[in-house]
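*Asks:* Have a look at this one before I ask anything.
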Amino acid sequence: MSDLTLDAPSRGFTFRQYLICLRGIMWREALRFVHQRERFVSALVRPLVWLFIFAAGFRQILGVSIIPPYETYVLYEVYVTPGLIAMIQLFNGMQSSLSMVYDREMGNMRMLLVSPFPRWFLLVSKLLASTTVSILQVAAFMIVAWLWGVDLPPWSFLTALPALVLCGLMLGALGMLLSSLIKQLENFAGVMNFVIFPMFFASSALYPLWLVQQSSPVVYFICRLNPFTYAVELIRFSLYGKLDLLSLAVVASVTTVFTIGAIMAYDPARGLLVRRGGGPT
């Protein structure tokens with residue numbers, strides 16, 4: 001322990017010490033996820049309700065024409081699956097940030113933020129841990145979707161894995177940035193609803209953007225500005241082994257901005273926590 005707290009700051013940390021820190025943070029997040037079984041169940045219930053009920057009802061109403069990356073007409077449940085995958089990652093990012101607000105309110109965050117390791121490394125490790133959990137949830141959902149009869153390519157999870165990592169980091173960084181703005185736990189639910197539902201519904205998760213453009217050009221413009229739209233499209237293309245360069249560029253850029261913003265917000269010298277009087281206790 002002294003090697004991490006006393007000697008290391010004077011000569012820098014070794015690669016092995018960074019790995020030990022990363023493993024500890026990821027292990028803590030994994031234990032929290034395992035002990036909170038209702039979190040796993042709720043993460044699956046939301047998209048499965050859309051897949052089992054709404055998709056069945058909308059199948060005869062919403063026709064999806066041949067649009068990239070599809071090479072033929074597809075059923076509505078096939079079209080909506082990438083959006084539901086992104087929904088899982090969106091909710092997981094918000095849940096992870098909710099845990100940060102809880103830890104800060106209970107004083108548990110002090111153990112993390114007073115670590116001699118760089119603040120940015122601790123936050124990025126937290127992001128990686130949260131993203132890993134979201135990918136496990138996505139894998140479980142894709143298994144259920146396959147059993148339900150959703151026609152996806154055999155290797156779709158593997159081809160989509162890089163996109164899932166990047167989208168998970170973007171949505172986790174967004175949640176982390178929001179958590180720096182919230183001082184009390186009871187205020188976070190309202191902020192979550194204010195962020196999650198507009199991002200989800202004002203995107204291409206549930207309907208093609210060409211249908212939105214025909215009905216409302218204003219809403220279409222909002223959807224094009226929504227970074228969640230590009231996360232959905234990046235996952236959609238990657239499921240079929242294809243790459244949407246525009247979506248990749250937008251998601252990568254927004255991930256960088258959100259991550260830098262979260263790191264600055266948690267900076268004890270100039271962060272939002274200090275300005276709002278909500279620093280670690």
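Naming works like this for the structure tokens: A, B, ... for the chains as they're shown, residue 1 at the start of each chain, ligands 1 onward in shown order.
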Please tabulate, as CSV, the residues of region 148-212 of chain A that come within 7 Å of region 118-142 of chain A, each with its closest pair of atoms and the distance in Å to one decimal, counting only C-alpha atoms and ordering rows by chain, then residue number upward.
*Replies:*
```
residue,atom,partner,partner_atom,distance
A:Leu164,CA,A:Ile135,CA,6.7
A:Val165,CA,A:Thr131,CA,6.4
A:Gly168,CA,A:Thr131,CA,4.9
A:Leu169,CA,A:Thr131,CA,6.0
A:Gly172,CA,A:Leu127,CA,5.9
A:Ala173,CA,A:Leu127,CA,6.7
```
*Asks:* Show me, as a ChimeraX atom specification, the residues that have an atom within 12 Å of Thr229 (chain A) when counting only C-alpha atoms, minus same-chain residues fewer than 6 positions from it.
*Replies:* /A:82-83,86-87,90,167,198-209,220-223,235-236,246-248,250-251
*Asks:* Using N, CA and C atoms, can you export the residues from the last selection as a PDB file, in the first residue's frame?
*Replies:*
```
ATOM      1  N   PRO A  82     -31.196  -2.050 -33.196  1.00  0.00           N
ATOM      2  CA  PRO A  82     -30.035  -1.198 -32.871  1.00  0.00           C
ATOM      3  C   PRO A  82     -30.388  -0.041 -31.945  1.00  0.00           C
ATOM      4  N   GLY A  83     -31.572   0.529 -32.116  1.00  0.00           N
ATOM      5  CA  GLY A  83     -31.992   1.606 -31.231  1.00  0.00           C
ATOM      6  C   GLY A  83     -32.211   1.131 -29.811  1.00  0.00           C
ATOM      7  N   ALA A  86     -28.842   0.726 -28.199  1.00  0.00           N
ATOM      8  CA  ALA A  86     -28.349   2.028 -27.751  1.00  0.00           C
ATOM      9  C   ALA A  86     -29.113   2.510 -26.521  1.00  0.00           C
ATOM     10  N   MET A  87     -30.406   2.170 -26.425  1.00  0.00           N
ATOM     11  CA  MET A  87     -31.181   2.535 -25.239  1.00  0.00           C
ATOM     12  C   MET A  87     -30.594   1.894 -23.988  1.00  0.00           C
ATOM     13  N   LEU A  90     -27.644   3.864 -23.035  1.00  0.00           N
ATOM     14  CA  LEU A  90     -28.031   5.179 -22.528  1.00  0.00           C
ATOM     15  C   LEU A  90     -28.486   5.093 -21.079  1.00  0.00           C
ATOM     16  N   CYS A 167     -19.782   3.930 -28.202  1.00  0.00           N
ATOM     17  CA  CYS A 167     -21.071   4.505 -27.799  1.00  0.00           C
ATOM     18  C   CYS A 167     -21.254   4.432 -26.288  1.00  0.00           C
ATOM     19  N   PRO A 198     -35.934  12.780 -24.364  1.00  0.00           N
ATOM     20  CA  PRO A 198     -35.722  13.552 -25.596  1.00  0.00           C
ATOM     21  C   PRO A 198     -34.636  12.968 -26.494  1.00  0.00           C
ATOM     22  N   MET A 199     -33.533  12.486 -25.896  1.00  0.00           N
ATOM     23  CA  MET A 199     -32.470  11.903 -26.713  1.00  0.00           C
ATOM     24  C   MET A 199     -32.949  10.652 -27.429  1.00  0.00           C
ATOM     25  N   PHE A 200     -33.729   9.834 -26.741  1.00  0.00           N
ATOM     26  CA  PHE A 200     -34.160   8.571 -27.329  1.00  0.00           C
ATOM     27  C   PHE A 200     -35.215   8.770 -28.406  1.00  0.00           C
ATOM     28  N   PHE A 201     -36.240   9.554 -28.115  1.00  0.00           N
ATOM     29  CA  PHE A 201     -37.332   9.702 -29.064  1.00  0.00           C
ATOM     30  C   PHE A 201     -36.970  10.627 -30.227  1.00  0.00           C
ATOM     31  N   ALA A 202     -36.110  11.606 -30.015  1.00  0.00           N
ATOM     32  CA  ALA A 202     -35.688  12.502 -31.096  1.00  0.00           C
ATOM     33  C   ALA A 202     -34.447  11.936 -31.771  1.00  0.00           C
ATOM     34  N   SER A 203     -34.553  10.699 -32.238  1.00  0.00           N
ATOM     35  CA  SER A 203     -33.437  10.031 -32.901  1.00  0.00           C
ATOM     36  C   SER A 203     -34.003   9.039 -33.899  1.00  0.00           C
ATOM     37  N   SER A 204     -33.105   8.296 -34.516  1.00  0.00           N
ATOM     38  CA  SER A 204     -33.528   7.273 -35.477  1.00  0.00           C
ATOM     39  C   SER A 204     -33.694   5.913 -34.824  1.00  0.00           C
ATOM     40  N   ALA A 205     -33.835   5.882 -33.492  1.00  0.00           N
ATOM     41  CA  ALA A 205     -33.936   4.608 -32.791  1.00  0.00           C
ATOM     42  C   ALA A 205     -35.224   3.869 -33.117  1.00  0.00           C
ATOM     43  N   LEU A 206     -36.320   4.587 -33.250  1.00  0.00           N
ATOM     44  CA  LEU A 206     -37.630   3.946 -33.425  1.00  0.00           C
ATOM     45  C   LEU A 206     -38.212   4.113 -34.817  1.00  0.00           C
ATOM     46  N   TYR A 207     -37.708   5.038 -35.595  1.00  0.00           N
ATOM     47  CA  TYR A 207     -38.266   5.287 -36.915  1.00  0.00           C
ATOM     48  C   TYR A 207     -37.191   5.913 -37.807  1.00  0.00           C
ATOM     49  N   PRO A 208     -37.232   5.609 -39.098  1.00  0.00           N
ATOM     50  CA  PRO A 208     -36.245   6.184 -40.021  1.00  0.00           C
ATOM     51  C   PRO A 208     -36.392   7.698 -40.104  1.00  0.00           C
ATOM     52  N   LEU A 209     -35.274   8.371 -40.293  1.00  0.00           N
ATOM     53  CA  LEU A 209     -35.307   9.831 -40.325  1.00  0.00           C
ATOM     54  C   LEU A 209     -36.035  10.364 -41.546  1.00  0.00           C
ATOM     55  N   TYR A 220     -36.990  16.751 -37.606  1.00  0.00           N
ATOM     56  CA  TYR A 220     -35.901  16.111 -38.341  1.00  0.00           C
ATOM     57  C   TYR A 220     -34.581  16.833 -38.085  1.00  0.00           C
ATOM     58  N   PHE A 221     -34.621  18.146 -38.070  1.00  0.00           N
ATOM     59  CA  PHE A 221     -33.411  18.935 -37.798  1.00  0.00           C
ATOM     60  C   PHE A 221     -32.894  18.664 -36.388  1.00  0.00           C
ATOM     61  N   ILE A 222     -33.811  18.534 -35.432  1.00  0.00           N
ATOM     62  CA  ILE A 222     -33.408  18.222 -34.054  1.00  0.00           C
ATOM     63  C   ILE A 222     -32.778  16.830 -33.990  1.00  0.00           C
ATOM     64  N   CYS A 223     -33.365  15.890 -34.718  1.00  0.00           N
ATOM     65  CA  CYS A 223     -32.810  14.532 -34.734  1.00  0.00           C
ATOM     66  C   CYS A 223     -31.401  14.515 -35.311  1.00  0.00           C
ATOM     67  N   ILE A 235     -24.099   1.822 -34.445  1.00  0.00           N
ATOM     68  CA  ILE A 235     -24.391   0.437 -34.037  1.00  0.00           C
ATOM     69  C   ILE A 235     -25.125  -0.301 -35.148  1.00  0.00           C
ATOM     70  N   ARG A 236     -26.063   0.366 -35.796  1.00  0.00           N
ATOM     71  CA  ARG A 236     -26.852  -0.286 -36.858  1.00  0.00           C
ATOM     72  C   ARG A 236     -25.945  -0.778 -37.984  1.00  0.00           C
ATOM     73  N   LEU A 246     -19.588   9.094 -41.037  1.00  0.00           N
ATOM     74  CA  LEU A 246     -20.131  10.287 -40.394  1.00  0.00           C
ATOM     75  C   LEU A 246     -20.501   9.999 -38.947  1.00  0.00           C
ATOM     76  N   SER A 247     -21.187   8.891 -38.717  1.00  0.00           N
ATOM     77  CA  SER A 247     -21.567   8.535 -37.348  1.00  0.00           C
ATOM     78  C   SER A 247     -20.331   8.293 -36.492  1.00  0.00           C
ATOM     79  N   LEU A 248     -19.328   7.639 -37.049  1.00  0.00           N
ATOM     80  CA  LEU A 248     -18.094   7.395 -36.300  1.00  0.00           C
ATOM     81  C   LEU A 248     -17.429   8.699 -35.908  1.00  0.00           C
ATOM     82  N   VAL A 250     -18.822  11.703 -35.565  1.00  0.00           N
ATOM     83  CA  VAL A 250     -19.627  12.446 -34.598  1.00  0.00           C
ATOM     84  C   VAL A 250     -19.525  11.810 -33.213  1.00  0.00           C
ATOM     85  N   VAL A 251     -19.672  10.496 -33.138  1.00  0.00           N
ATOM     86  CA  VAL A 251     -19.631   9.823 -31.840  1.00  0.00           C
ATOM     87  C   VAL A 251     -18.254   9.978 -31.196  1.00  0.00           C
TER      88      VAL A 251
END
```
*Asks:* Please indicate the distance in Å from CA of Ile85 (chain A) to CA of Pro47 (chain A), rounded to one decimal place.
*Replies:*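 Here the two named atoms are 7.6 Å from each other.
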*Asks:* Out of A:Leu158, A:Met170, A:Ile182, A:Val78, which residue has the shortest atom-to-atom distance to Ala145 (chain A) when counting only C-alpha atoms?
*Replies:*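 With only C-alpha atoms as the atom set, the closest residue is A:Val78.
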*Asks:* Let's see if you can do this: from backbone DSSP, list all helix (DSSP H, G or I) residues in region 35-270 of chain A, as an MDAnalysis selection string.
*Replies:* chainID A and resid 35 37:58 76:106 109:113 119:148 156:179 185:201 209:215 217:225 227:239 245:265
*Asks:* Can you tell me how far CA of Pro153 (chain A) sits from CA of Leu44 (chain A), in Å to one decimal?
*Replies:*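 It comes out at 21.0 Å.
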*Asks:* With only C-alpha atoms as the atoms that count, which of A:Gly57, A:Gly24, A:Gly12, A:Gly175 lies nearest to Val101 (chain A)?
*Replies:*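 Distance minimum relative to Val101 (chain A) lands on A:Gly175.
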*Asks:* Using only C-alpha atoms, which protein or nucleic acid residues come within 12 Å of Tyr70 (chain A)? Drop anything in the same chain fewer than 5 positions from it, and give the result as a ChimeraX atom specification.
*Replies:* /A:64-65,75,78-79,151-153,233,236-242
*Asks:* Create the file for the chosen residues now, containing C-alpha atoms and written as a CSV table (one decimal), in the first residue's frame.
*Replies:*
```csv
chain,number,residue,atom,x,y,z
A,64,VAL,CA,-39.2,0.2,-43.5
A,65,SER,CA,-38.0,0.7,-47.1
A,75,LEU,CA,-39.4,-6.1,-40.4
A,78,VAL,CA,-35.2,-5.8,-37.0
A,79,TYR,CA,-35.0,-2.0,-37.6
A,151,ASP,CA,-32.9,-11.8,-37.8
A,152,LEU,CA,-29.4,-10.5,-37.3
A,153,PRO,CA,-26.1,-11.7,-38.9
A,233,GLU,CA,-26.6,4.5,-36.7
A,236,ARG,CA,-26.9,-0.3,-36.9
A,237,PHE,CA,-24.2,-0.3,-39.5
A,238,SER,CA,-21.7,-2.2,-37.4
A,239,LEU,CA,-24.2,-5.0,-36.8
A,240,TYR,CA,-23.9,-5.8,-40.5
A,241,GLY,CA,-20.2,-5.4,-40.7
A,242,LYS,CA,-20.3,-1.9,-42.2
```
